[in-house]
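data.cif follows; it contains mmCIF, C-alpha atoms and all ligand atoms.
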```cif
data_query
loop_
_atom_site.label_atom_id
_atom_site.label_comp_id
_atom_site.auth_asym_id
_atom_site.auth_seq_id
_atom_site.Cartn_x
_atom_site.Cartn_y
_atom_site.Cartn_z
CA MET A 1 150.45 89.45 7.74
CA ALA A 2 152.89 89.89 4.90
CA SER A 3 152.04 87.61 2.03
CA ILE A 4 154.65 85.23 0.66
CA ALA A 5 156.18 86.65 -2.50
CA PRO A 6 155.36 84.47 -5.51
CA SER A 7 158.31 82.88 -7.27
CA PRO A 8 159.14 84.45 -10.62
CA VAL A 9 157.63 82.91 -13.73
CA ALA A 10 159.77 82.32 -16.80
CA LEU A 11 158.29 84.30 -19.67
CA SER A 12 158.77 81.27 -21.95
CA ASP A 13 156.59 79.19 -19.63
CA ALA A 14 153.99 81.93 -19.48
CA ALA A 15 154.03 81.97 -23.27
CA GLY A 16 153.38 78.22 -23.41
CA GLY A 17 156.77 77.52 -24.95
CA GLN A 18 156.03 79.81 -27.91
CA PRO A 19 158.49 82.52 -29.00
CA LEU A 20 155.78 85.15 -28.61
CA LEU A 21 153.58 85.77 -25.58
CA HIS A 22 150.13 86.87 -26.56
CA ARG A 23 147.40 87.84 -24.07
CA GLN A 24 143.93 89.13 -24.76
CA LEU A 25 142.39 91.17 -21.93
CA PHE A 26 138.82 92.40 -21.71
CA ASP A 27 137.03 95.38 -20.23
CA ALA A 28 133.44 94.28 -19.67
CA THR A 29 132.09 97.80 -19.13
CA THR A 30 132.97 98.95 -22.66
CA GLY A 31 133.47 95.61 -24.44
CA THR A 32 137.06 96.60 -25.21
CA TYR A 33 139.87 94.17 -25.93
CA THR A 34 143.40 94.99 -24.85
CA TYR A 35 146.35 92.99 -26.17
CA LEU A 36 149.71 92.32 -24.59
CA ILE A 37 152.38 90.99 -26.96
CA ALA A 38 155.92 90.18 -25.91
CA ASP A 39 159.02 88.71 -27.49
CA VAL A 40 160.03 85.92 -25.12
CA ALA A 41 163.75 86.00 -25.94
CA SER A 42 164.26 89.66 -25.09
CA GLY A 43 161.35 90.19 -22.68
CA GLU A 44 160.29 93.29 -24.61
CA GLY A 45 156.63 93.85 -25.30
CA VAL A 46 153.87 96.22 -26.33
CA ILE A 47 150.34 96.75 -25.14
CA ILE A 48 147.56 97.67 -27.58
CA ASP A 49 144.45 99.63 -26.59
CA PRO A 50 144.77 99.61 -22.79
CA VAL A 51 141.72 100.88 -20.86
CA PHE A 52 142.22 103.56 -18.20
CA GLU A 53 140.13 101.79 -15.56
CA GLN A 54 142.01 98.49 -16.10
CA HIS A 55 145.46 100.01 -15.63
CA GLU A 56 146.22 98.27 -12.32
CA ARG A 57 145.27 94.90 -13.77
CA ASP A 58 147.35 95.35 -16.90
CA LEU A 59 150.34 96.75 -15.05
CA SER A 60 150.43 93.90 -12.54
CA LEU A 61 150.36 91.35 -15.36
CA ILE A 62 153.24 93.14 -17.10
CA ARG A 63 155.21 93.20 -13.84
CA GLU A 64 154.46 89.62 -12.88
CA LEU A 65 155.62 88.35 -16.26
CA GLY A 66 158.71 90.56 -16.14
CA ILE A 67 157.88 92.22 -19.45
CA GLN A 68 159.79 95.33 -20.37
CA LEU A 69 157.13 97.47 -21.99
CA VAL A 70 158.41 99.32 -25.03
CA ALA A 71 155.22 101.06 -26.11
CA SER A 72 151.57 101.53 -25.29
CA LEU A 73 149.76 101.73 -28.61
CA ASP A 74 146.25 102.79 -29.49
CA THR A 75 144.52 101.81 -32.72
CA HIS A 76 142.69 105.18 -32.72
CA ALA A 77 141.34 107.98 -30.51
CA HIS A 78 138.47 106.05 -28.93
CA ALA A 79 135.05 107.53 -28.27
CA ASP A 80 133.81 104.89 -25.85
CA HIS A 81 136.60 104.60 -23.28
CA VAL A 82 139.68 106.48 -22.13
CA THR A 83 143.04 104.97 -23.03
CA GLY A 84 145.40 103.73 -20.31
CA SER A 85 148.43 104.84 -22.34
CA TRP A 86 149.39 107.86 -20.24
CA LEU A 87 149.18 105.83 -17.01
CA MET A 88 151.25 103.07 -18.62
CA HIS A 89 153.85 105.62 -19.67
CA GLN A 90 153.93 107.05 -16.13
CA ALA A 91 154.36 103.58 -14.62
CA THR A 92 156.87 102.04 -17.04
CA GLY A 93 158.39 104.86 -19.07
CA CYS A 94 157.10 103.24 -22.27
CA ALA A 95 156.44 105.28 -25.41
CA ILE A 96 152.90 106.33 -26.29
CA GLY A 97 152.00 105.41 -29.86
CA LEU A 98 149.06 106.70 -31.89
CA ALA A 99 148.51 107.81 -35.48
CA GLN A 100 150.17 111.14 -36.12
CA SER A 101 146.97 112.29 -37.83
CA ALA A 102 144.99 111.97 -34.57
CA ARG A 103 147.05 114.91 -33.26
CA ALA A 104 146.70 113.93 -29.61
CA GLN A 105 148.87 115.30 -26.82
CA ASN A 106 151.52 113.25 -25.00
CA VAL A 107 152.13 110.99 -28.02
CA SER A 108 155.86 110.22 -28.19
CA LEU A 109 155.56 107.75 -31.07
CA PRO A 110 153.49 109.48 -33.77
CA LEU A 111 152.77 106.71 -36.28
CA GLU A 112 152.40 106.75 -40.03
CA HIS A 113 151.53 104.11 -42.59
CA GLY A 114 154.43 101.72 -43.06
CA ASP A 115 156.14 102.44 -39.74
CA HIS A 116 157.49 99.56 -37.67
CA VAL A 117 157.10 99.35 -33.90
CA ASN A 118 159.97 97.15 -32.71
CA PHE A 119 159.99 94.99 -29.59
CA GLY A 120 162.97 92.68 -29.16
CA SER A 121 163.67 91.08 -32.53
CA ARG A 122 159.99 91.35 -33.54
CA HIS A 123 157.90 94.20 -34.85
CA LEU A 124 154.42 95.37 -35.66
CA GLN A 125 153.86 97.03 -39.01
CA VAL A 126 151.54 100.04 -38.99
CA ARG A 127 148.86 100.12 -41.69
CA SER A 128 146.69 103.16 -42.00
CA THR A 129 143.04 101.99 -42.00
CA PRO A 130 140.87 105.14 -41.70
CA GLY A 131 137.10 105.28 -42.12
CA HIS A 132 135.88 104.72 -38.57
CA THR A 133 138.08 107.69 -37.62
CA ASP A 134 140.73 109.54 -39.65
CA GLY A 135 143.51 108.21 -37.47
CA CYS A 136 142.66 104.49 -37.32
CA VAL A 137 145.56 102.11 -37.77
CA THR A 138 145.87 98.32 -37.92
CA TYR A 139 148.95 96.75 -36.35
CA VAL A 140 150.20 93.76 -38.36
CA LEU A 141 152.59 91.28 -36.76
CA ASP A 142 155.89 90.92 -38.68
CA ASP A 143 155.10 87.41 -40.02
CA GLN A 144 151.51 88.41 -40.93
CA SER A 145 150.11 85.66 -38.72
CA ALA A 146 148.07 88.19 -36.75
CA ALA A 147 146.71 91.71 -37.04
CA PHE A 148 145.10 94.04 -34.51
CA THR A 149 142.39 95.87 -36.38
CA GLY A 150 140.95 98.16 -33.71
CA ASP A 151 137.49 99.24 -34.89
CA ALA A 152 138.29 99.17 -38.61
CA LEU A 153 137.18 95.54 -38.74
CA LEU A 154 135.31 93.71 -35.98
CA VAL A 155 134.22 90.06 -35.84
CA ARG A 156 131.45 89.94 -38.51
CA GLY A 157 131.18 93.72 -38.33
CA CYS A 158 133.14 96.95 -38.36
CA GLY A 159 133.30 100.26 -36.53
CA ARG A 160 130.62 102.84 -37.18
CA CYS A 161 131.25 105.67 -39.64
CA ASP A 162 128.72 108.26 -38.48
CA PHE A 163 130.86 110.50 -36.26
CA GLN A 164 134.54 111.43 -35.64
CA GLN A 165 135.33 112.01 -39.35
CA GLY A 166 133.87 108.61 -40.20
CA ASP A 167 133.40 107.78 -43.87
CA PRO A 168 132.10 104.43 -45.18
CA HIS A 169 133.81 104.81 -48.58
CA THR A 170 137.14 105.29 -46.83
CA LEU A 171 136.50 102.35 -44.51
CA TRP A 172 135.61 100.12 -47.46
CA ARG A 173 138.96 100.88 -49.07
CA SER A 174 140.84 100.37 -45.79
CA ILE A 175 139.33 96.96 -45.16
CA THR A 176 139.52 95.61 -48.69
CA GLU A 177 142.95 97.01 -49.54
CA GLN A 178 144.80 96.90 -46.20
CA ILE A 179 143.20 94.05 -44.23
CA PHE A 180 141.82 91.67 -46.84
CA SER A 181 145.19 91.81 -48.62
CA LEU A 182 146.72 89.92 -45.69
CA PRO A 183 146.99 86.10 -45.96
CA ASN A 184 143.66 84.29 -45.56
CA SER A 185 145.07 82.53 -42.51
CA CYS A 186 145.98 85.80 -40.76
CA LEU A 187 144.16 85.96 -37.43
CA LEU A 188 142.34 89.22 -36.75
CA TYR A 189 142.02 90.60 -33.26
CA PRO A 190 139.27 93.22 -32.94
CA GLY A 191 139.12 96.31 -30.74
CA HIS A 192 135.72 95.35 -29.35
CA ASP A 193 133.13 92.69 -29.11
CA TYR A 194 129.94 92.88 -27.15
CA THR A 195 128.84 89.27 -27.54
CA GLY A 196 131.88 87.27 -26.46
CA ARG A 197 133.53 86.66 -29.86
CA THR A 198 137.26 87.02 -29.39
CA LEU A 199 139.00 86.73 -32.76
CA THR A 200 138.49 85.86 -36.39
CA SER A 201 140.55 85.45 -39.57
CA VAL A 202 140.84 87.14 -42.94
CA ALA A 203 139.25 84.13 -44.66
CA GLU A 204 136.28 84.12 -42.28
CA GLU A 205 135.55 87.82 -42.64
CA LYS A 206 135.88 87.71 -46.43
CA ALA A 207 133.24 84.97 -46.43
CA PHE A 208 130.89 85.88 -43.60
CA ASN A 209 131.15 89.54 -42.66
CA ALA A 210 127.55 90.63 -43.13
CA ARG A 211 128.51 94.10 -44.33
CA LEU A 212 131.28 93.46 -46.80
CA GLY A 213 131.88 89.74 -47.09
CA GLY A 214 130.36 87.19 -49.45
CA GLY A 215 130.56 89.29 -52.58
CA ALA A 216 129.19 92.59 -51.25
CA ASN A 217 130.50 95.61 -53.16
CA GLU A 218 131.28 99.15 -52.04
CA ARG A 219 127.74 100.35 -52.75
CA ASP A 220 126.25 97.54 -50.61
CA PHE A 221 128.63 98.38 -47.79
CA VAL A 222 128.01 102.12 -47.87
CA GLY A 223 124.26 101.50 -48.02
CA HIS A 224 124.47 99.34 -44.94
CA MET A 225 126.68 101.75 -43.01
CA THR A 226 124.64 104.87 -43.74
CA ASN A 227 121.38 103.28 -42.62
CA MET A 228 122.42 101.89 -39.25
CA LYS A 229 120.87 104.64 -37.09
CA LEU A 230 123.03 103.94 -34.06
CA PRO A 231 122.53 105.72 -30.73
CA HIS A 232 124.99 108.46 -29.80
CA PRO A 233 127.92 106.90 -27.92
CA GLY A 234 127.31 107.65 -24.26
CA LYS A 235 130.86 108.25 -23.11
CA ILE A 236 132.10 110.34 -26.04
CA ALA A 237 132.01 113.65 -24.12
CA ILE A 238 134.47 112.29 -21.55
CA ALA A 239 136.37 109.78 -23.65
CA LEU A 240 137.38 111.89 -26.62
CA PRO A 241 138.87 114.85 -24.74
CA GLY A 242 140.59 112.35 -22.42
CA ASN A 243 142.06 110.50 -25.38
CA MET A 244 143.24 113.71 -27.00
CA ARG A 245 145.55 113.90 -23.96
CA SER A 246 146.45 110.18 -24.35
CA GLY A 247 144.53 109.49 -21.14
CA GLN A 248 146.24 112.06 -18.94
CA PRO A 249 143.69 113.13 -16.29
CA ARG A 250 142.81 116.80 -16.34
CA ASP A 251 144.11 118.52 -13.23
CA GLU A 252 140.94 120.22 -12.16
CA GLN A 253 141.79 120.49 -8.49
CA PRO A 254 144.84 122.40 -7.27
CA ALA A 255 148.01 120.33 -7.31
CA GLN A 256 148.70 118.65 -4.00
CA HIS A 257 152.32 118.86 -3.01
CA TRP A 258 152.10 117.29 0.42
CA ALA A 259 152.14 113.74 -0.89
CA PRO A 260 152.61 111.77 -4.14
CA VAL A 261 148.87 111.82 -4.68
CA GLN A 262 147.66 109.87 -7.70
CA ARG A 263 144.37 110.67 -9.35
CA SER A 264 141.78 108.28 -10.58
CA PHE A 265 140.40 109.39 -13.95
CA ALA A 266 137.35 110.69 -12.10
CA GLY A 267 139.82 113.07 -10.46
CA LEU A 268 139.85 111.52 -7.00
CA PRO A 269 143.16 111.92 -5.14
CA GLU A 270 144.45 108.62 -3.76
CA LEU A 271 147.40 107.39 -1.72
CA PRO A 272 148.68 103.83 -1.29
CA PRO A 273 148.95 102.14 2.13
CA SER A 274 152.76 102.19 1.99
CA TRP A 275 152.79 105.99 1.91
CA LEU A 276 150.34 106.27 4.80
CA ALA A 277 152.32 103.79 6.89
CA GLU A 278 155.45 105.85 6.42
CA HIS A 279 153.79 109.23 7.06
CA ARG A 280 151.28 108.17 9.69
CA ASN A 281 152.25 110.96 12.09
CA ALA A 282 152.15 113.73 9.52
CA VAL A 283 148.47 113.31 8.69
CA THR A 284 145.09 112.83 10.29
CA VAL A 285 143.53 109.48 9.41
CA LEU A 286 139.78 109.92 9.12
CA ASP A 287 137.79 106.69 9.41
CA VAL A 288 134.26 107.04 7.98
CA ARG A 289 132.92 103.58 8.79
CA SER A 290 130.00 102.97 11.16
CA GLU A 291 130.50 102.70 14.94
CA ASP A 292 129.95 98.91 14.77
CA GLU A 293 132.64 98.40 12.19
CA VAL A 294 135.22 100.56 13.96
CA GLU A 295 134.69 98.67 17.24
CA GLY A 296 134.27 95.33 15.46
CA PRO A 297 136.68 92.52 14.53
CA ASP A 298 138.15 94.29 11.49
CA GLY A 299 139.94 96.71 13.81
CA ARG A 300 141.11 100.24 13.00
CA ILE A 301 144.24 102.24 12.32
CA GLU A 302 145.68 103.45 15.63
CA THR A 303 144.69 107.00 16.67
CA SER A 304 142.41 107.46 13.67
CA LEU A 305 139.65 110.01 13.99
CA HIS A 306 136.23 108.47 13.60
CA ILE A 307 133.25 110.22 11.96
CA PRO A 308 130.73 107.99 10.16
CA LEU A 309 130.09 109.03 6.54
CA GLN A 310 126.48 110.04 7.15
CA ASP A 311 127.54 112.47 9.92
CA LEU A 312 130.48 113.98 8.07
CA GLU A 313 128.74 117.05 6.67
CA GLN A 314 127.44 118.10 10.10
CA ARG A 315 130.70 117.37 11.93
CA GLN A 316 133.29 118.96 9.62
CA ALA A 317 134.25 121.43 12.34
CA GLU A 318 135.83 118.55 14.27
CA LEU A 319 138.41 118.00 11.54
CA PRO A 320 141.82 119.42 12.41
CA SER A 321 143.02 121.84 9.73
CA ASP A 322 146.71 121.82 10.59
CA ARG A 323 147.41 118.47 8.93
CA PRO A 324 146.33 116.76 5.69
CA LEU A 325 143.54 114.19 5.85
CA VAL A 326 143.72 110.61 4.63
CA VAL A 327 140.25 109.11 4.51
CA VAL A 328 139.71 105.39 5.11
CA CYS A 329 136.88 102.85 5.20
CA HIS A 330 136.62 99.09 4.73
CA ALA A 331 137.34 98.85 0.99
CA GLY A 332 137.81 102.45 -0.11
CA SER A 333 134.46 103.29 -1.68
CA ARG A 334 132.69 105.16 1.16
CA SER A 335 135.93 106.98 1.86
CA ALA A 336 136.01 107.97 -1.83
CA LEU A 337 132.64 109.62 -1.37
CA ALA A 338 133.85 111.32 1.81
CA THR A 339 136.98 112.55 0.01
CA GLN A 340 134.79 114.09 -2.69
CA GLN A 341 132.61 115.77 -0.04
CA LEU A 342 135.64 117.22 1.73
CA LEU A 343 137.17 118.54 -1.52
CA LYS A 344 133.87 120.23 -2.32
CA ALA A 345 133.77 121.70 1.18
CA GLY A 346 137.15 123.33 0.53
CA PHE A 347 139.61 120.95 2.22
CA ASP A 348 142.52 120.98 -0.23
CA ARG A 349 144.88 118.52 1.43
CA VAL A 350 142.82 115.35 1.41
CA ALA A 351 143.24 111.91 -0.19
CA ASN A 352 141.53 108.57 -0.18
CA LEU A 353 143.39 105.48 1.06
CA ARG A 354 143.37 103.29 -2.05
CA GLY A 355 141.86 99.88 -1.37
CA GLY A 356 140.82 100.90 2.15
CA LEU A 357 141.66 98.96 5.30
CA LEU A 358 141.38 95.71 3.35
CA ARG A 359 144.45 96.53 1.30
CA TRP A 360 146.17 98.16 4.29
CA SER A 361 145.82 94.90 6.17
CA ASP A 362 146.67 92.71 3.14
CA GLU A 363 149.93 94.60 2.80
CA GLY A 364 150.79 93.76 6.37
CA TYR A 365 150.12 97.05 8.17
CA PRO A 366 148.70 96.89 11.71
CA LEU A 367 145.11 97.33 12.86
CA VAL A 368 144.26 97.85 16.50
CA GLY A 369 141.55 95.48 17.77
CA SER A 370 141.68 93.26 14.69
CA ILE A 371 141.08 89.57 15.26
CA HIS A 372 142.20 88.55 11.76
CA HIS A 373 145.77 87.39 12.16
FE FE B 401 136.27 103.27 -31.81
#
```

structure tokens encoding of this file:
Amino acid sequence: MASIAPSPVALSDAAGGQPLLHRQLFDATTGTYTYLIADVASGEGVIIDPVFEQHERDLSLIRELGIQLVASLDTHAHADHVTGSWLMHQATGCAIGLAQSARAQNVSLPLEHGDHVNFGSRHLQVRSTPGHTDGCVTYVLDDQSAAFTGDALLVRGCGRCDFQQGDPHTLWRSITEQIFSLPNSCLLYPGHDYTGRTLTSVAEEKAFNARLGGGANERDFVGHMTNMKLPHPGKIAIALPGNMRSGQPRDEQPAQHWAPVQRSFAGLPELPPSWLAEHRNAVTVLDVRSEDEVEGPDGRIETSLHIPLQDLEQRQAELPSDRPLVVVCHAGSRSALATQQLLKAGFDRVANLRGGLLRWSDEGYPLVGSIHH
């Protein structure tokens, strides 16, 4: 059942009649904010601090609004999540922007203090704001009505200074000289918040930031920052090396040339329903759902081989080795586990059907025995 294509939305309507479209997106797992900014007149835009796991969400928004993405920018090399910049570059051809001093791979727009990132007739000014990391930057909108501070300044807080070349003296100077020198009315959009606060302003932070507002001096700030005793960030071992490649997944498994396999950041090879539909006869479709589900009202892909997930290890001999395997289940999560098992067992031409039979069916591809029509 092919869905009816939505009618296009005018970017000016999406922007509420304003000359600039501004969206704040959130990743609940890491408390990360991602920002999409676009110049309505030209349709050009930038994304700031995209999260790897939210790539599909962010990309579909960009496509639905018809935004031509100029650059995917990070405020710094994050320790708590992997950037979506490399995926965004792969999908849209946009540039990858990050401070030159972070020295990450795949960066096509190495940024320095004072640089402008242009989109349409607008631009973001780059201000170097180190202290949380060496390579932290703040992106200031051309009219100084808004700034994206990353982790240099958070709502009533700031990024930690106890790892990744952090230095509270440096951060103090960055905030007071580069951020608090903006107009009091400048809105500040942070890189994170864990309690639901979404934005603040220069005036508010000058007055109420517990660490450096309300008359605190550098000594007060440094004293606060050096006594925080924060836990080690859990994801740093994965996130930092990932971000030093701008979010490009490491190719740990041999390259698969039989299909345009895409990898999740966990390294799982995946294929979309459209590819499977077109190459149905060149592969074996392995359905790992239970007997009840395969015979039930959801239906199944014609001529698929059926081995329930819990039997897969014992029954691997039944898998034909002359053709690649595409593994399917209802929504794609059990088949992900099966794909992992098969890769471990030495099957090298295997991929998960992204989104499972749910997406297959949503995209209008046929299921034998299905009663949902
Ligand atoms: Fe950070």

Open item on the list: For A:Arg323, find every residue with an atom within 10 Å (counting all atoms listed in the file), except residues of its own chain fewer than 4 positions away, and show them as a PyMOL selection string.
Closed with: chain A and resi 258+281-285+319+349-350

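From atom CA of A:Leu87 back to atom CA of A:Leu343, the distance works out to 23.4 Å.
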
Task: Pick from A:Leu59, A:Leu109, A:Ala77, A:Ala147 nearest to ligand FE 401 (chain B), counting only C-alpha atoms and all ligand atoms - done: A:Ala77

Open item on the list: I'd like the neighbourhood of A:Thr198 as a ChimeraX atom specification, where a residue qualifies if any of its atoms comes within 9 Å (using all atoms listed in the file), though same-chain residues fewer than 3 positions away should be ignored.
Closed with: /A:24,33,155,189-190,192-193,195

Open item on the list: Give me, as number ranges by chain, the set of residues whose atoms come within 8 Å of any atom of ligand FE 401 (chain B), counting only C-alpha atoms and all ligand atoms.
Closed with: A: 76-80, 132-133, 150-151, 159-160, 191

Task: Ref. answer, residues at most 7 Å from (147.5, 103.8, -25.0) with only C-alpha atoms, as a ChimeraX atom specification - done: /A:48-50,72-74,83-86,96-97,246

Export C-alpha atoms of the chosen residues as a short mmCIF file (atom, residue, chain, number, x, y, z; two decimals), keeping the file's coordinate frame?
```cif
data_model
loop_
_atom_site.label_atom_id
_atom_site.label_comp_id
_atom_site.auth_asym_id
_atom_site.auth_seq_id
_atom_site.Cartn_x
_atom_site.Cartn_y
_atom_site.Cartn_z
CA ILE A 48 147.56 97.67 -27.58
CA ASP A 49 144.45 99.63 -26.59
CA PRO A 50 144.77 99.61 -22.79
CA SER A 72 151.57 101.53 -25.29
CA LEU A 73 149.76 101.73 -28.61
CA ASP A 74 146.25 102.79 -29.49
CA THR A 83 143.04 104.97 -23.03
CA GLY A 84 145.40 103.73 -20.31
CA SER A 85 148.43 104.84 -22.34
CA TRP A 86 149.39 107.86 -20.24
CA ILE A 96 152.90 106.33 -26.29
CA GLY A 97 152.00 105.41 -29.86
CA SER A 246 146.45 110.18 -24.35
#
```
